[in-house]
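J.: This is the structure, below, for whatever I ask next.
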Amino acid sequence: MKKIGIINYGLGNIGSVLRMIEKVGGTAIKISLPDEIYQAEKIILPGVGHFDHGVRLLQEKGLVTEIQTVAKQGTPILGICLGMQLLFDNSQEGTATGLGLISGKVIKFNDPTKALRIPHVGWNEVDVQKENPLIPTYIEQETKPRFYFVHSYHAVCQNVEDVLATVHYGTDVTAAVSSGNIYGTQFHPEKSHRFGMDMIKRFVEL
Amino acid sequence: MLKHRVIPALLLKNAGLVKTLQFKNPKYVGDPINAIRIFNDKEVDELMVLDITASKEQQEPNYALIEQFAGECFMPLAYGGGIKTVAQAQQLFSIGVEKICIQSAVLNNPHLVTELAEQFGSQSIIVSIDIKRNWLGKAQIYDATTGKTLAGAWQTQLQALVAAGAGEVLLNAVDKDGTLSGSDLELIRQASQHLEVPLVAVGGISSLSDIKAAVDAGASAVAAGAFFVFHGPHRAVLITYPKYYELENLFKANK
């Protein structure tokens, strides 16, 4: 059984991620204490909320160093929404230092014309930018994969090759990232029915 | 391209699913878990569950039931009803709700919106505003807990709640509720002006063309109750939802 550890640090929808993992045949465990992280073959870092709040909670739980350690050891890590943003170096939303597992920063949607409604909420199609094990391009069906987004900030990768997929909202912004064993999605796969379920299944089976 | 969301809005009364007519006469339409399973299979964009008795009767949200809903939903779930504190919101998010919808509590305490937005992010806070027209057709905020309309311009109140941190606005046309007579398009037009957050319009939707009209009037998303749970002139209970391609075709012109 593939054990997927979900970082449980008090931010966001642990329940839905957990249920989706079990639905696709994986075993999910909650990780609330630093030592528990070593029981997992893969890690999911979920999260909804403020960047600094997320960093602070991870620090309080003593999980920052542990996540960075298993990341270096090659454990696949998937950050979701705020969890993805936390993988980066920093965010305009606050002043805290992120996990630094993917180079770059998180910035606010900037729309001087005010024509865009922020947050970017809803279902949007993504453009896959590179070969990757998580999101197929669905070329044969002539449809793009679509996912559920809710965010006011978006990531900007320092290395363009880390961009796994983009989404168009005003401009093209980062929808998913990957760098080695580190993955992140700005959207919520656990709330993106069959497209999200397919992605989580692929992560579980990596 | 961001798709306009089409959201079934389900009303909960004592753990049963009901549908109202102009906020009155709740009619039992079935078991909520069963309905949510069907909507899940139909791959709806999002689901909204509003407990219509929690606030009125000063009850806590029914956490055990809501957690069951969240477990059935592989799409975003918004919950509203009886939320008055940050601690209640925390509990709802922890059991798998994506967004909370608040209303009664903020009519008296807009600061709660700010507190919630600071802690959970604006994107997870929907502020619901019920609008009822008086006999002269003037739109006013309606307080469903007391059944009274409130003095003061509703647009001003709306702007204040957005400024306080609301990430989304649910605009509820009370006179249209359950009537299947089309949206109050003028209301949607007025509300969407100068609004920088997504606007979800609810009330009166009876067809795909009503959904399109609401979007054309300025709604970012459309919610509906009766349209998705009733069928035919005798309002027989039948759960339906448009196919993805139907919605895609509907909004093609809006791209």
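Residue numbers start at 1 in each chain; chains themselves are named A, B, ... in the order of the structure tokens; ligands are numbered from 1 in the order shown.
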What are the residues of chain B lining chain A at 7 Å or less? Count only C-alpha atoms, and put the answer as a PyMOL selection string.
T.: chain B and resi 1-3+5+43+70-71+74-76+93-96+119-121+123+167+196-198
J.: For the structure I just gave you, how does DSSP split stretch 41-151 of chain B - specifically, which residues are strand (DSSP E or B)? Reply as number ranges by chain.
T.: B: 47-51, 77-80, 99-102, 125-133, 139-143, 148-150
J.: Using only C-alpha atoms, find the one residue out of A:Lys42, A:Lys72, A:Thr65, A:Cys157 that sits nearest to A:Ser91.
T.: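 Result for the nearest residue to A:Ser91: A:Cys157.
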J.: In stretch 19-107 of chain A, what's helix (DSSP H, G or I) per DSSP? Answer as a CSV table (one decimal) with C-alpha atoms, in the first residue's frame?
T.:
chain,number,residue,atom,x,y,z
A,19,ARG,CA,-11.0,11.0,0.8
A,20,MET,CA,-9.8,11.4,-2.8
A,21,ILE,CA,-6.6,9.5,-2.1
A,22,GLU,CA,-8.6,6.6,-0.7
A,23,LYS,CA,-11.0,6.7,-3.6
A,34,PRO,CA,7.6,16.1,12.7
A,35,ASP,CA,8.5,12.3,13.3
A,36,GLU,CA,5.4,11.1,11.5
A,37,ILE,CA,6.6,12.5,8.2
A,38,TYR,CA,9.0,9.5,7.8
A,39,GLN,CA,6.2,7.0,7.7
A,51,PHE,CA,1.0,32.8,3.3
A,52,ASP,CA,2.5,34.1,6.6
A,53,HIS,CA,-0.1,32.2,8.6
A,54,GLY,CA,0.8,29.0,6.7
A,55,VAL,CA,4.5,29.5,7.3
A,56,ARG,CA,4.0,30.3,11.0
A,57,LEU,CA,1.8,27.2,11.5
A,58,LEU,CA,4.4,24.9,9.8
A,59,GLN,CA,7.1,26.5,12.0
A,60,GLU,CA,5.0,26.1,15.2
A,64,VAL,CA,9.6,23.2,8.1
A,65,THR,CA,12.9,21.4,8.5
A,66,GLU,CA,11.4,18.0,8.2
A,67,ILE,CA,9.7,18.8,4.9
A,68,GLN,CA,12.9,20.3,3.6
A,69,THR,CA,14.8,17.2,4.7
A,70,VAL,CA,12.5,14.6,3.0
A,71,ALA,CA,12.4,16.8,-0.1
A,72,LYS,CA,16.2,16.6,-0.3
A,82,LEU,CA,-1.5,27.7,-0.6
A,83,GLY,CA,0.6,24.6,-0.1
A,84,MET,CA,2.1,25.1,-3.6
A,85,GLN,CA,2.8,28.8,-2.8
J.: Which neighbours of B:Val106 fall inside 10 Å, counting only C-alpha atoms, when residues of the same chain fewer than 4 positions from it are skipped, and could you give them as an mmCIF file with all heavy atoms, in the first residue's frame?
T.:
data_model
loop_
_atom_site.group_PDB
_atom_site.id
_atom_site.type_symbol
_atom_site.label_atom_id
_atom_site.label_comp_id
_atom_site.auth_asym_id
_atom_site.auth_seq_id
_atom_site.Cartn_x
_atom_site.Cartn_y
_atom_site.Cartn_z
ATOM 1 N N ILE B 83 -23.651 30.676 10.906
ATOM 2 C CA ILE B 83 -22.240 30.973 11.217
ATOM 3 C C ILE B 83 -22.118 32.368 11.828
ATOM 4 O O ILE B 83 -22.484 33.362 11.210
ATOM 5 C CB ILE B 83 -21.357 30.898 9.944
ATOM 6 C CG1 ILE B 83 -21.536 29.553 9.254
ATOM 7 C CG2 ILE B 83 -19.894 31.151 10.291
ATOM 8 C CD1 ILE B 83 -21.014 29.530 7.828
ATOM 9 N N LYS B 84 -21.608 32.410 13.047
ATOM 10 C CA LYS B 84 -21.491 33.693 13.730
ATOM 11 C C LYS B 84 -20.079 33.986 14.231
ATOM 12 O O LYS B 84 -19.785 35.112 14.610
ATOM 13 C CB LYS B 84 -22.450 33.736 14.932
ATOM 14 C CG LYS B 84 -23.915 33.787 14.532
ATOM 15 C CD LYS B 84 -24.827 33.946 15.738
ATOM 16 C CE LYS B 84 -24.918 32.696 16.581
ATOM 17 N NZ LYS B 84 -25.702 31.592 15.961
ATOM 18 N N ILE B 102 -21.876 33.801 4.694
ATOM 19 C CA ILE B 102 -22.402 34.435 5.898
ATOM 20 C C ILE B 102 -23.337 35.566 5.535
ATOM 21 O O ILE B 102 -23.221 36.179 4.490
ATOM 22 C CB ILE B 102 -21.273 34.981 6.811
ATOM 23 C CG1 ILE B 102 -20.213 35.680 5.976
ATOM 24 C CG2 ILE B 102 -20.690 33.888 7.670
ATOM 25 C CD1 ILE B 102 -19.182 36.353 6.810
ATOM 26 N N PRO B 110 -20.257 43.829 10.518
ATOM 27 C CA PRO B 110 -19.431 43.684 9.314
ATOM 28 C C PRO B 110 -17.984 43.328 9.642
ATOM 29 O O PRO B 110 -17.268 42.783 8.817
ATOM 30 C CB PRO B 110 -19.520 45.050 8.629
ATOM 31 C CG PRO B 110 -20.413 45.890 9.444
ATOM 32 C CD PRO B 110 -20.830 45.165 10.661
ATOM 33 N N HIS B 111 -17.568 43.655 10.869
ATOM 34 C CA HIS B 111 -16.188 43.369 11.255
ATOM 35 C C HIS B 111 -15.884 41.873 11.210
ATOM 36 O O HIS B 111 -14.734 41.477 11.016
ATOM 37 C CB HIS B 111 -15.897 43.945 12.644
ATOM 38 C CG HIS B 111 -14.462 43.812 13.036
ATOM 39 N ND1 HIS B 111 -13.451 44.476 12.374
ATOM 40 C CD2 HIS B 111 -13.862 43.035 13.962
ATOM 41 C CE1 HIS B 111 -12.296 44.133 12.904
ATOM 42 N NE2 HIS B 111 -12.502 43.260 13.863
ATOM 43 N N LEU B 112 -16.930 41.052 11.383
ATOM 44 C CA LEU B 112 -16.729 39.598 11.317
ATOM 45 C C LEU B 112 -16.161 39.192 9.944
ATOM 46 O O LEU B 112 -15.328 38.286 9.853
ATOM 47 C CB LEU B 112 -18.056 38.871 11.589
ATOM 48 C CG LEU B 112 -18.014 37.341 11.519
ATOM 49 C CD1 LEU B 112 -17.107 36.751 12.596
ATOM 50 C CD2 LEU B 112 -19.421 36.757 11.649
ATOM 51 N N VAL B 113 -16.606 39.871 8.891
ATOM 52 C CA VAL B 113 -16.099 39.574 7.543
ATOM 53 C C VAL B 113 -14.587 39.771 7.509
ATOM 54 O O VAL B 113 -13.843 38.941 6.983
ATOM 55 C CB VAL B 113 -16.766 40.483 6.476
ATOM 56 C CG1 VAL B 113 -16.237 40.173 5.084
ATOM 57 C CG2 VAL B 113 -18.273 40.329 6.510
ATOM 58 N N VAL B 127 -20.282 36.567 1.008
ATOM 59 C CA VAL B 127 -21.293 37.298 1.755
ATOM 60 C C VAL B 127 -22.579 37.261 0.950
ATOM 61 O O VAL B 127 -22.601 37.590 -0.231
ATOM 62 C CB VAL B 127 -20.850 38.746 2.037
ATOM 63 C CG1 VAL B 127 -22.028 39.590 2.442
ATOM 64 C CG2 VAL B 127 -19.796 38.769 3.124
ATOM 65 N N SER B 128 -23.625 36.804 1.604
ATOM 66 C CA SER B 128 -24.900 36.687 0.931
ATOM 67 C C SER B 128 -25.750 37.900 1.268
ATOM 68 O O SER B 128 -25.791 38.349 2.412
ATOM 69 C CB SER B 128 -25.579 35.401 1.402
ATOM 70 O OG SER B 128 -26.929 35.431 1.028
ATOM 71 N N ILE B 129 -26.384 38.436 0.257
ATOM 72 C CA ILE B 129 -27.225 39.606 0.490
ATOM 73 C C ILE B 129 -28.595 39.341 -0.160
ATOM 74 O O ILE B 129 -28.676 39.024 -1.339
ATOM 75 C CB ILE B 129 -26.481 40.884 0.011
ATOM 76 C CG1 ILE B 129 -27.232 42.139 0.327
ATOM 77 C CG2 ILE B 129 -26.094 40.844 -1.441
ATOM 78 C CD1 ILE B 129 -26.310 43.363 0.319
ATOM 79 N N LEU B 161 -19.389 45.625 2.626
ATOM 80 C CA LEU B 161 -19.056 44.229 2.939
ATOM 81 C C LEU B 161 -17.887 43.737 2.078
ATOM 82 O O LEU B 161 -17.047 42.972 2.553
ATOM 83 C CB LEU B 161 -20.283 43.332 2.750
ATOM 84 C CG LEU B 161 -21.394 43.557 3.776
ATOM 85 C CD1 LEU B 161 -22.669 42.828 3.377
ATOM 86 C CD2 LEU B 161 -20.947 43.112 5.164
#
